[in-house]
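Asks: Enclosed is the structure file upload12.cif (mmCIF, C-alpha atoms and all ligand atoms).
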data_coords
#
loop_
_atom_site.label_atom_id
_atom_site.label_comp_id
_atom_site.auth_asym_id
_atom_site.auth_seq_id
_atom_site.Cartn_x
_atom_site.Cartn_y
_atom_site.Cartn_z
CA MET A 90 0.00 0.00 0.00
CA LYS A 91 1.29 3.40 -0.92
CA ARG A 92 0.92 6.08 1.70
CA ARG A 93 -0.30 9.40 0.38
CA VAL A 94 1.61 12.36 1.71
CA HIS A 95 0.26 15.79 0.99
CA PRO A 96 2.28 18.90 0.17
CA THR A 97 4.19 20.72 2.88
CA PRO A 98 3.28 24.27 3.92
CA ALA A 99 6.40 25.50 2.13
CA GLU A 100 5.25 24.02 -1.16
CA LEU A 101 2.00 25.96 -0.83
CA GLY A 102 3.79 29.19 0.02
CA PHE A 103 3.34 29.09 3.81
CA ASP A 104 5.77 28.68 6.67
CA SER A 105 5.05 27.17 10.03
CA CYS A 106 6.76 28.44 13.18
CA SER A 107 8.65 25.87 15.23
CA VAL A 108 8.08 27.82 18.46
CA CYS A 109 4.42 28.91 18.49
CA ARG A 110 3.26 26.74 15.56
CA LEU A 111 1.61 29.63 13.73
CA VAL A 112 1.22 29.09 9.99
CA SER A 113 1.83 32.35 8.15
CA SER A 114 2.16 33.53 4.57
CA PRO A 115 5.02 35.83 3.51
CA ASP A 116 2.77 38.86 2.87
CA GLU A 117 1.62 39.03 6.49
CA ARG A 118 5.15 39.18 7.87
CA ILE A 119 7.00 42.38 8.65
CA ASP A 120 10.36 40.59 8.56
CA ILE A 121 10.11 37.96 5.84
CA SER A 122 12.29 35.43 7.72
CA ARG A 123 10.57 35.69 11.10
CA CYS A 124 7.30 34.52 12.59
CA PRO A 125 4.81 37.42 12.85
CA ARG A 126 3.48 36.25 16.22
CA CYS A 127 6.58 35.29 18.22
CA ASN A 128 9.41 36.67 16.06
CA ALA A 129 11.26 33.34 15.94
CA LYS A 130 13.36 32.64 12.85
CA LEU A 131 11.47 30.45 10.39
CA HIS A 132 13.08 27.30 9.04
CA GLN A 133 11.46 24.73 6.80
CA ARG A 134 13.63 22.06 8.42
CA LYS A 135 15.96 22.23 11.41
CA PRO A 136 19.19 23.67 9.96
CA TYR A 137 22.10 21.19 9.70
CA SER A 138 19.92 18.56 11.33
CA ILE A 139 21.68 15.50 9.92
CA GLU A 140 25.23 16.81 10.31
CA GLN A 141 24.79 17.88 13.94
CA CYS A 142 22.86 14.77 14.84
CA TRP A 143 25.70 12.61 13.46
CA ALA A 144 28.28 14.62 15.38
CA PHE A 145 26.51 14.15 18.70
CA THR A 146 25.80 10.48 18.00
CA ILE A 147 29.40 9.66 17.09
CA ALA A 148 30.73 11.49 20.14
CA ALA A 149 28.28 9.51 22.28
CA TYR A 150 29.45 6.20 20.73
CA LEU A 151 33.05 7.06 21.62
CA LEU A 152 32.24 7.93 25.23
CA TYR A 153 30.02 4.88 25.60
CA ILE A 154 33.21 2.75 25.70
CA PRO A 155 34.92 4.37 28.75
CA ALA A 156 31.51 4.71 30.39
CA ASN A 157 31.26 0.93 30.42
CA LEU A 158 34.89 0.02 31.05
CA MET A 159 35.85 2.49 33.79
CA THR A 160 34.83 2.44 37.45
CA MET A 161 31.39 3.81 38.18
CA MET A 162 31.39 3.48 41.95
CA GLU A 163 33.84 2.63 44.74
CA THR A 164 32.34 1.23 47.90
CA GLY A 165 34.43 0.87 51.02
CA SER A 166 33.69 -0.33 54.54
CA LEU A 167 35.70 -1.85 57.39
CA VAL A 168 35.27 -5.34 56.02
CA SER A 169 35.15 -4.89 52.27
CA TYR A 170 36.19 -2.76 49.34
CA ARG A 171 34.68 -2.90 45.86
CA LYS A 172 35.22 -1.13 42.58
CA ASP A 173 32.28 -1.50 40.23
CA THR A 174 31.73 -0.77 36.59
CA ILE A 175 28.12 -0.23 35.54
CA MET A 176 27.76 -3.89 34.59
CA SER A 177 29.54 -5.40 37.60
CA GLY A 178 27.40 -3.22 39.86
CA ILE A 179 24.29 -4.65 38.25
CA ILE A 180 25.59 -8.22 38.61
CA HIS A 181 26.41 -7.56 42.27
CA LEU A 182 22.87 -6.25 42.85
CA TRP A 183 21.45 -9.34 41.16
CA LYS A 184 23.54 -11.71 43.29
CA THR A 185 22.63 -9.92 46.50
CA ASP A 186 18.94 -10.62 45.87
CA PHE A 187 17.92 -7.24 44.51
CA GLN A 188 16.81 -8.64 41.17
CA GLY A 189 14.09 -6.05 40.62
CA ILE A 190 16.43 -3.12 41.15
CA ALA A 191 19.13 -4.85 39.10
CA ALA A 192 16.67 -5.11 36.20
CA ILE A 193 15.70 -1.42 36.46
CA VAL A 194 19.33 -0.28 36.51
CA PHE A 195 20.18 -2.64 33.62
CA ILE A 196 17.40 -1.18 31.49
CA ALA A 197 18.21 2.45 32.33
CA SER A 198 22.01 2.25 32.14
CA ILE A 199 22.77 -0.42 29.53
CA LEU A 200 19.76 -1.01 27.31
CA VAL A 201 18.43 2.55 26.95
CA PRO A 202 21.73 4.20 25.86
CA LEU A 203 22.51 1.34 23.46
CA PHE A 204 18.98 1.46 22.02
CA LYS A 205 19.25 5.22 21.55
CA LEU A 206 22.58 5.03 19.75
CA LEU A 207 21.47 2.24 17.40
CA ALA A 208 18.08 3.87 16.73
CA LEU A 209 19.66 7.24 15.92
CA THR A 210 22.13 5.55 13.57
CA LEU A 211 19.33 3.74 11.79
CA LEU A 212 17.25 6.92 11.49
CA LEU A 213 20.18 8.97 10.19
CA ILE A 214 21.23 6.42 7.59
CA SER A 215 17.68 5.86 6.35
CA VAL A 216 17.04 9.60 6.06
CA GLN A 217 20.34 10.22 4.27
CA ARG A 218 19.56 7.49 1.74
CA GLY A 219 16.15 9.05 1.11
CA SER A 220 14.46 5.84 2.18
CA THR A 221 10.69 5.48 1.91
CA TRP A 222 10.82 2.33 4.02
CA TRP A 223 8.34 2.00 6.93
CA PRO A 224 7.94 5.71 7.75
CA MET A 225 5.43 5.15 10.53
CA GLN A 226 7.66 2.63 12.31
CA ARG A 227 10.65 4.94 12.05
CA MET A 228 8.49 7.75 13.42
CA ARG A 229 7.58 5.58 16.44
CA LEU A 230 11.23 4.71 16.92
CA TYR A 231 12.10 8.41 17.00
CA ARG A 232 9.39 9.14 19.57
CA MET A 233 10.71 6.34 21.77
CA VAL A 234 14.25 7.72 21.54
CA GLU A 235 12.94 11.11 22.64
CA GLN A 236 10.97 9.73 25.57
CA VAL A 237 13.25 7.14 27.13
CA GLY A 238 16.49 9.12 26.98
CA ARG A 239 16.12 10.95 30.27
CA TRP A 240 15.82 7.72 32.30
CA SER A 241 19.49 6.95 31.70
CA MET A 242 20.34 9.64 34.24
CA LEU A 243 19.25 7.16 36.92
CA ASP A 244 22.72 5.82 37.71
CA ILE A 245 24.22 9.30 37.92
CA TYR A 246 21.65 10.27 40.54
CA VAL A 247 22.15 7.04 42.49
CA VAL A 248 25.94 7.50 42.63
CA THR A 249 25.66 11.18 43.58
CA PHE A 250 23.16 10.51 46.30
CA LEU A 251 24.95 7.48 47.74
CA ALA A 252 28.29 9.29 47.73
CA ALA A 253 26.74 12.11 49.75
CA VAL A 254 24.86 10.01 52.27
CA VAL A 255 27.36 7.23 52.89
CA GLN A 256 30.11 9.20 54.59
CA ILE A 257 30.32 7.72 58.06
CA SER A 258 33.85 8.41 59.31
CA SER A 259 35.90 5.36 58.40
CA LEU A 260 33.05 2.89 58.70
CA ALA A 261 31.68 3.28 55.21
CA THR A 262 32.27 5.44 52.15
CA VAL A 263 31.02 5.58 48.59
CA LYS A 264 32.86 7.42 45.81
CA ALA A 265 32.00 8.07 42.19
CA GLY A 266 34.47 6.92 39.52
CA GLY A 267 35.50 8.17 36.10
CA ALA A 268 32.76 6.22 34.34
CA ALA A 269 30.19 8.54 35.91
CA VAL A 270 31.58 11.50 33.94
CA ALA A 271 31.72 9.55 30.67
CA PHE A 272 28.26 8.13 31.23
CA GLY A 273 26.78 11.54 32.06
CA ALA A 274 28.27 12.84 28.81
CA VAL A 275 26.70 9.96 26.85
CA VAL A 276 23.27 10.82 28.26
CA VAL A 277 23.63 14.53 27.47
CA LEU A 278 25.06 13.94 23.98
CA THR A 279 22.34 11.48 22.95
CA MET A 280 19.70 13.91 24.20
CA PHE A 281 21.21 16.67 22.05
CA ALA A 282 21.36 14.26 19.09
CA ALA A 283 17.67 13.41 19.46
CA MET A 284 16.78 17.12 19.66
CA LYS A 285 18.75 17.90 16.50
CA PHE A 286 17.08 15.18 14.46
CA ASP A 287 14.20 16.50 12.39
CA PRO A 288 11.44 13.85 12.12
CA ARG A 289 9.96 15.64 9.12
CA LEU A 290 12.93 14.41 7.09
CA ILE A 291 11.48 10.89 7.38
CA TRP A 292 8.45 11.97 5.34
CA ASP A 293 10.12 14.11 2.69
CA PRO A 294 11.24 11.23 0.40
CA LEU A 295 7.63 9.98 0.31
CA ARG A 296 6.49 13.35 -0.97
CA LYS A 297 9.04 13.22 -3.75
CA GLU A 298 7.81 9.77 -4.74
CA ASN A 299 4.16 10.88 -4.84
CA ARG A 300 4.79 13.86 -7.03
CA PRO A 301 3.67 13.39 -10.63
CA MET B 144 -3.07 39.90 10.48
CA SER B 145 -4.31 38.04 7.46
CA HIS B 146 -7.11 35.60 8.04
CA LEU B 147 -6.22 33.23 5.26
CA THR B 148 -3.87 31.19 7.41
CA GLU B 149 -5.80 31.47 10.61
CA GLN B 150 -7.37 28.02 10.57
CA LEU B 151 -4.31 26.23 9.29
CA VAL B 152 -2.04 24.07 11.37
CA ALA B 153 1.15 22.30 10.28
CA CYS B 154 2.08 18.99 11.89
CA PRO B 155 5.37 19.51 13.76
CA GLU B 156 6.52 15.95 13.08
CA CYS B 157 5.63 15.31 9.43
CA ASP B 158 4.86 18.84 8.16
CA LEU B 159 1.40 17.98 6.87
CA LEU B 160 -0.76 21.07 6.46
CA LEU B 161 -4.19 20.65 8.00
CA LYS B 162 -7.27 22.66 8.70
CA GLU B 163 -8.09 23.23 12.34
CA ILE B 164 -11.23 21.65 13.70
CA PRO B 165 -13.09 22.62 16.88
CA LEU B 166 -12.53 20.17 19.74
CA ALA B 167 -14.72 18.85 22.52
CA PRO B 168 -13.44 19.60 26.05
CA ASP B 169 -10.40 17.43 26.88
CA GLY B 170 -10.18 16.38 23.25
CA ALA B 171 -7.01 16.33 21.19
CA ALA B 172 -6.41 16.79 17.48
CA VAL B 173 -4.14 14.12 16.05
CA CYS B 174 -2.29 14.23 12.74
CA CYS B 175 -3.88 11.82 10.26
CA CYS B 176 -0.55 11.07 8.60
CA CYS B 177 1.87 10.40 11.46
CA GLY B 178 -0.27 10.33 14.61
CA ALA B 179 1.38 13.30 16.35
CA THR B 180 -0.76 15.35 18.73
CA LEU B 181 -1.37 18.71 17.05
CA TYR B 182 -3.23 20.58 19.76
CA ARG B 183 -5.45 19.92 22.73
CA ASN B 184 -8.50 21.50 24.25
CA ARG B 185 -8.01 21.72 27.99
CA PRO B 186 -10.88 23.55 29.65
CA ASP B 187 -9.64 26.04 32.21
CA SER B 188 -6.06 25.00 31.47
CA LEU B 189 -4.34 28.14 32.72
CA ARG B 190 -6.11 28.28 36.08
CA ARG B 191 -5.66 24.60 36.76
CA THR B 192 -1.99 24.80 35.85
CA LEU B 193 -1.58 27.77 38.17
CA ALA B 194 -3.06 25.80 41.08
CA PHE B 195 -0.75 22.82 40.44
CA THR B 196 2.22 25.17 40.05
CA LEU B 197 1.59 26.89 43.40
CA ALA B 198 1.39 23.51 45.15
CA ALA B 199 4.53 22.35 43.33
CA VAL B 200 6.46 25.43 44.50
CA ILE B 201 5.73 24.60 48.13
CA PHE B 202 6.83 20.97 47.77
CA TYR B 203 9.88 22.06 45.75
CA LEU B 204 11.03 24.26 48.64
CA VAL B 205 10.45 21.56 51.25
CA ALA B 206 12.13 18.94 49.07
CA ASN B 207 15.23 21.09 48.69
CA ILE B 208 15.59 22.38 52.24
CA PHE B 209 15.12 19.26 54.35
CA PRO B 210 17.17 16.04 54.33
CA ILE B 211 15.96 13.32 51.98
CA LEU B 212 17.07 10.53 54.25
CA GLY B 213 19.46 9.73 57.04
CA ILE B 214 21.42 6.55 57.69
CA GLU B 215 22.96 5.11 60.82
CA LEU B 216 25.64 2.50 61.44
CA GLN B 217 26.90 1.56 64.91
CA GLY B 218 25.81 4.83 66.45
CA ASN B 219 27.32 6.99 63.70
CA GLY B 220 24.97 8.69 61.29
CA ASN B 221 24.72 11.00 58.34
CA ALA B 222 21.94 12.69 56.40
CA SER B 223 21.86 14.61 53.16
CA ASN B 224 19.60 16.83 51.17
CA LEU B 225 19.82 17.32 47.42
CA PHE B 226 22.04 20.38 47.51
CA GLY B 227 24.34 18.65 50.01
CA ALA B 228 24.73 15.82 47.52
CA VAL B 229 25.61 18.25 44.73
CA ARG B 230 28.13 20.01 46.99
CA SER B 231 29.89 16.85 48.10
CA MET B 232 30.20 15.75 44.46
CA TRP B 233 31.84 19.12 43.74
CA HIS B 234 34.36 18.64 46.56
CA GLU B 235 35.24 15.16 45.33
CA GLU B 236 36.54 16.61 42.07
CA MET B 237 33.50 15.33 40.19
CA ARG B 238 32.65 18.84 39.03
CA LEU B 239 30.92 17.86 35.79
CA ILE B 240 28.64 15.39 37.52
CA SER B 241 27.93 17.92 40.23
CA ILE B 242 26.95 20.54 37.63
CA LEU B 243 24.84 18.05 35.68
CA VAL B 244 22.87 17.01 38.77
CA PHE B 245 22.52 20.62 39.90
CA ILE B 246 21.12 21.70 36.54
CA THR B 247 18.75 18.78 35.94
CA ALA B 248 17.40 18.25 39.46
CA ILE B 249 17.56 21.71 41.07
CA LEU B 250 17.96 24.55 38.57
CA ILE B 251 15.67 23.55 35.70
CA PRO B 252 12.67 22.60 37.88
CA ALA B 253 13.08 25.93 39.71
CA LEU B 254 13.27 27.83 36.42
CA GLU B 255 10.26 26.01 35.05
CA LEU B 256 8.17 26.81 38.11
CA SER B 257 9.26 30.49 38.14
CA ILE B 258 8.47 30.87 34.45
CA LEU B 259 5.02 29.35 34.94
CA LEU B 260 4.32 31.74 37.83
CA TYR B 261 5.56 34.70 35.78
CA LEU B 262 3.19 33.73 32.96
CA LEU B 263 0.15 32.46 34.79
CA VAL B 264 -0.29 34.88 37.68
CA PRO B 265 -0.67 37.95 35.39
CA LEU B 266 -2.85 36.02 32.93
CA TYR B 267 -5.06 34.97 35.84
CA LEU B 268 -5.39 38.65 36.79
CA MET B 269 -6.28 39.44 33.16
CA LYS B 270 -2.96 41.14 32.46
CA GLN B 271 -0.25 40.24 30.02
CA PRO B 272 3.34 39.88 31.24
CA PRO B 273 6.00 41.31 28.88
CA GLY B 274 8.22 39.03 26.83
CA ILE B 275 5.86 36.08 26.38
CA PRO B 276 7.50 34.83 23.15
CA LEU B 277 10.96 34.73 24.73
CA ILE B 278 9.65 33.10 27.91
CA MET B 279 7.79 30.44 25.95
CA ARG B 280 10.90 29.67 23.90
CA ILE B 281 13.03 29.31 27.01
CA MET B 282 10.43 27.04 28.53
CA SER B 283 10.26 24.66 25.58
CA ALA B 284 14.07 24.62 25.37
CA ILE B 285 14.65 23.70 29.02
CA LYS B 286 11.76 21.27 29.37
CA PRO B 287 13.61 18.06 28.38
CA TRP B 288 16.33 18.81 30.96
CA GLY B 289 14.17 18.84 34.08
CA MET B 290 14.39 15.32 35.50
CA VAL B 291 12.74 15.30 38.91
CA GLU B 292 10.94 12.02 38.19
CA VAL B 293 14.20 10.28 37.29
CA PHE B 294 15.81 11.64 40.45
CA MET B 295 12.86 10.26 42.42
CA LEU B 296 13.53 6.80 40.99
CA GLY B 297 17.21 7.33 41.83
CA ILE B 298 16.31 7.93 45.48
CA LEU B 299 14.26 4.73 45.55
CA VAL B 300 17.10 2.70 44.04
CA SER B 301 19.51 4.20 46.58
CA LEU B 302 17.08 3.36 49.36
CA VAL B 303 17.03 -0.31 48.37
CA LYS B 304 20.82 -0.39 48.05
CA LEU B 305 21.26 1.12 51.52
CA GLN B 306 18.70 -0.90 53.43
CA GLY B 307 20.88 -3.99 53.83
CA ASP B 308 23.80 -2.26 55.51
CA PHE B 309 22.31 0.68 57.41
CA SER B 310 19.33 1.73 59.46
CA ILE B 311 17.45 4.27 57.35
CA PHE B 312 15.43 7.28 58.47
CA PRO B 313 13.32 8.74 55.67
CA GLY B 314 13.20 12.55 55.78
CA VAL B 315 10.43 15.03 54.98
CA ALA B 316 12.07 15.78 51.65
CA LEU B 317 11.59 12.18 50.50
CA TRP B 318 7.80 12.54 50.66
CA SER B 319 8.00 16.03 49.21
CA PHE B 320 9.94 14.72 46.21
CA ALA B 321 7.25 12.14 45.62
CA ALA B 322 4.57 14.85 45.78
CA LEU B 323 6.64 17.15 43.55
CA THR B 324 7.00 14.40 40.93
CA LEU B 325 3.22 13.94 40.79
CA LEU B 326 2.51 17.68 40.74
CA LEU B 327 4.99 18.34 37.92
CA ALA B 328 3.30 15.58 35.92
CA ALA B 329 -0.05 17.29 36.59
CA VAL B 330 1.38 20.64 35.47
CA ALA B 331 2.69 19.09 32.24
CA ALA B 332 -0.68 17.44 31.57
CA SER B 333 -2.77 20.54 32.23
CA PHE B 334 -0.61 23.27 30.70
CA ASN B 335 -1.63 24.12 27.17
CA PRO B 336 0.86 26.45 25.42
CA ARG B 337 -1.75 27.14 22.77
CA ASP B 338 -3.89 28.99 25.33
CA VAL B 339 -1.02 31.35 26.08
CA TRP B 340 -0.46 32.03 22.37
CA GLU B 341 -4.15 32.64 21.92
CA HIS B 342 -4.08 35.25 24.69
CA LEU B 343 -1.29 36.92 22.77
CA ASP B 344 -3.24 36.84 19.51
CA TYR B 345 -6.26 38.28 21.18
CA SER B 346 -4.51 41.25 22.73
CA ASN B 347 -2.50 41.90 19.56
CA LYS B 348 -5.70 42.13 17.58
CA ARG B 349 -7.29 44.34 20.18
CA GLN B 350 -4.33 46.69 20.05
CA ALA B 351 -4.52 46.79 16.28
CA ALA B 352 -8.22 47.56 16.41
CA ALA B 353 -7.82 50.36 18.97
ZN ZN A 401 6.00 31.82 16.05
ZN ZN A 402 1.96 14.49 11.21
#
Would you mind writing the file out in structure tokens?
Replies:
Amino acid sequence: MKRRVHPTPAELGFDSCSVCRLVSSPDERIDISRCPRCNAKLHQRKPYSIEQCWAFTIAAYLLYIPANLMTMMETGSLVSYRKDTIMSGIIHLWKTDFQGIAAIVFIASILVPLFKLLALTLLLISVQRGSTWWPMQRMRLYRMVEQVGRWSMLDIYVVTFLAAVVQISSLATVKAGGAAVAFGAVVVLTMFAAMKFDPRLIWDPLRKENRP
Amino acid sequence: MSHLTEQLVACPECDLLLKEIPLAPDGAAVCCCCGATLYRNRPDSLRRTLAFTLAAVIFYLVANIFPILGIELQGNGNASNLFGAVRSMWHEEMRLISILVFITAILIPALELSILLYLLVPLYLMKQPPGIPLIMRIMSAIKPWGMVEVFMLGILVSLVKLQGDFSIFPGVALWSFAALTLLLAAVAASFNPRDVWEHLDYSNKRQAAA
């Protein structure tokens, strides 16, 4: 089944504002390049969407490696001392009978960032190739990337909070490791990447195909 | 303003140009091509949002002033609030993490609540605060970075991790964070940016007519 995609506002001579969503025609604007209601600059598509999205995604891939290899958390007490990466921390939680929490942390810290990186790569490549393949499914994928991203901050908050609370003289301490910085950067970079991606690019190739 | 484009709306996610239709209360208009929500009709949206915002401000203050929880081990104890956690991260040379937590859990929620008060209190009193376009742009830009609900889950995970080794004393701020999470969700659900823009349209037209 071929999906029918109708013309864009730009093709009909209108522009829509990305801030207040007003649709305006050039003759009602005082400044031709700005929205008459909120004065935001009008763009048909987010400028340099693909280039900037790639840049953030690649940077996030690179930092994903130290985020998983370095120490996330050091835990010390009179009887024990542990250094945990993200994954070994999850395994330790699992073994100490906190399976539910282990699953939550695994999803937020391992699955979500990996899913975001792979999904962004897929979206970018398909858009660059002008693919008309499964637009609705790619749209849903993009919405998921946008919504789940924030939950990766979970581990950062846990480490910060534990490090602050567990400071009882020499009896027990918790410290954050280098992985926390790398991991925080991965979360921020993938969020920027998702913001830079313009979902309207998914639909543009279909318009081209429909045109007589 | 021209009236040709007045009833048109462009889908923000697929750029389909559509004609606006009137909505029943609590209804939403959905794009027929990609399924994105185009606009909603929230009866009394601004007043409801103002009520939720005022409640959220109170819980925000409590949540940030009082300790979230205290722990005890062999007669020695410690307690921390959110800002204390940010500060101790700073002193442990984890500056970037400290800044990230400060921005996402303290600064952005505070900014969001202040902006809402700045907008909604005057609108409630039938006045228009200056700089609405700028304020609305700032608000949509910072929105993804406020993560109180994720921080709430972080506290719960920490709580489970701590309970084996320490005696735990939940603080007032713990309950306040839970309330704040719910109230911020209520604010997000009831706030309708379209209503603010419509106020702006209305007064612009009135000025033009005068
Ligand atoms: Zn505008
Ligand atoms: Zn659409």
Asks: May I ask you to extract the residues of chain B within 7 Å of chain A, using only C-alpha atoms, and to give them as a PyMOL selection string?
Replies: chain B and resi 144-145+148+151-153+156-160+177+219-223+227-228+231-232+239-240+276+280+293-294+297-298+300-301+340
Asks: Measuring atom to atom with all atoms listed in the file, identify which of B:Ile275, B:Leu216, B:Leu326, B:Leu296 is nearest to ligand ZN 401 (chain A).
Replies: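 Of all the options, B:Ile275 lies closest to ligand ZN 401 (chain A).
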Asks: Would you give me, as JSON lines, each residue of range 151-180 of chain A having an atom within 12 Å of an atom of range 306-323 of chain B, along with its shortest atom pair and that distance in Å to one decimal, using all atoms listed in the file and sorting by chain and residue number?
Replies:
{"residue": "A:Thr164", "atom": "CA", "partner": "B:Asp308", "partner_atom": "CA", "distance": 12.0}
{"residue": "A:Gly165", "atom": "CA", "partner": "B:Asp308", "partner_atom": "CA", "distance": 12.0}
{"residue": "A:Ser166", "atom": "CA", "partner": "B:Asp308", "partner_atom": "CA", "distance": 10.1}
{"residue": "A:Val168", "atom": "CA", "partner": "B:Asp308", "partner_atom": "CA", "distance": 11.9}
Asks: Which residues come within 7 Å of Ala248 in chain B, counting all atoms listed in the file, excluding same-chain residues fewer than 6 positions away, as a list of chain:residue names?
Replies: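 Using all atoms listed in the file, the neighbours found are B:Gly289, B:Met290, B:Val291, B:Phe294.
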Asks: Need the shell around Leu181 in chain B: protein/DNA/RNA residues with any atom at most 8 Å away, counting all atoms listed in the file. Skip same-chain ones fewer than 2 positions apart. Format as a count of residues only?
Replies: 9
Asks: Expressed in Å to a single decimal, how great is the separation between CA of Lys286 in chain B and CA of Ile196 in chain A?
Replies: 23.2 Å
Asks: Have a look at CA of Ala283 in chain A and CA of Val234 in chain A and let me know their distance in Å, one decimal.
Replies: 7.0 Å
Asks: So how many Å separate CA of Ile208 in chain B and CA of Leu243 in chain B, to one decimal?
Replies: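 According to the coordinates, CA of Ile208 in chain B and CA of Leu243 in chain B are separated by 19.5 Å.
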Asks: Since the input lacks atoms, please generate N, CA and C atoms for range 286-305 of chain B and provide them as a compact mmCIF listing (two decimals), in the coordinates of the input.
Replies:
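The result, written out as part-v3.txt:
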# COMPACT_ATOMS: atom_id res chain seq x y z
N LYS B 286 12.66 22.33 28.90
CA LYS B 286 11.76 21.27 29.37
C LYS B 286 12.38 19.87 29.41
N PRO B 287 13.08 19.43 28.33
CA PRO B 287 13.61 18.06 28.38
C PRO B 287 14.65 17.86 29.48
N TRP B 288 15.21 18.95 30.02
CA TRP B 288 16.33 18.81 30.96
C TRP B 288 15.91 18.79 32.42
N GLY B 289 14.64 18.96 32.70
CA GLY B 289 14.17 18.84 34.08
C GLY B 289 13.85 17.37 34.36
N MET B 290 14.52 16.78 35.34
CA MET B 290 14.39 15.32 35.50
C MET B 290 14.04 14.91 36.92
N VAL B 291 13.10 15.61 37.52
CA VAL B 291 12.74 15.30 38.91
C VAL B 291 12.25 13.86 39.05
N GLU B 292 11.49 13.37 38.06
CA GLU B 292 10.94 12.02 38.19
C GLU B 292 12.04 10.96 38.13
N VAL B 293 13.09 11.23 37.34
CA VAL B 293 14.20 10.28 37.29
C VAL B 293 14.97 10.31 38.61
N PHE B 294 15.14 11.52 39.15
CA PHE B 294 15.81 11.64 40.45
C PHE B 294 15.04 10.90 41.53
N MET B 295 13.70 10.98 41.46
CA MET B 295 12.86 10.26 42.42
C MET B 295 13.14 8.76 42.36
N LEU B 296 13.22 8.22 41.14
CA LEU B 296 13.53 6.80 40.99
C LEU B 296 14.94 6.51 41.53
N GLY B 297 15.85 7.46 41.31
CA GLY B 297 17.21 7.33 41.83
C GLY B 297 17.22 7.22 43.35
N ILE B 298 16.40 8.01 44.02
CA ILE B 298 16.31 7.93 45.48
C ILE B 298 15.82 6.55 45.90
N LEU B 299 14.81 6.04 45.19
CA LEU B 299 14.26 4.73 45.55
C LEU B 299 15.30 3.62 45.36
N VAL B 300 16.05 3.69 44.25
CA VAL B 300 17.10 2.70 44.04
C VAL B 300 18.15 2.79 45.15
N SER B 301 18.54 4.02 45.50
CA SER B 301 19.51 4.20 46.58
C SER B 301 19.00 3.62 47.89
N LEU B 302 17.72 3.84 48.15
CA LEU B 302 17.08 3.36 49.36
C LEU B 302 17.22 1.84 49.47
N VAL B 303 16.93 1.15 48.37
CA VAL B 303 17.03 -0.31 48.37
C VAL B 303 18.48 -0.74 48.57
N LYS B 304 19.41 -0.02 47.91
CA LYS B 304 20.82 -0.39 48.05
C LYS B 304 21.31 -0.20 49.48
N LEU B 305 20.77 0.80 50.18
CA LEU B 305 21.26 1.12 51.52
C LEU B 305 20.66 0.23 52.59
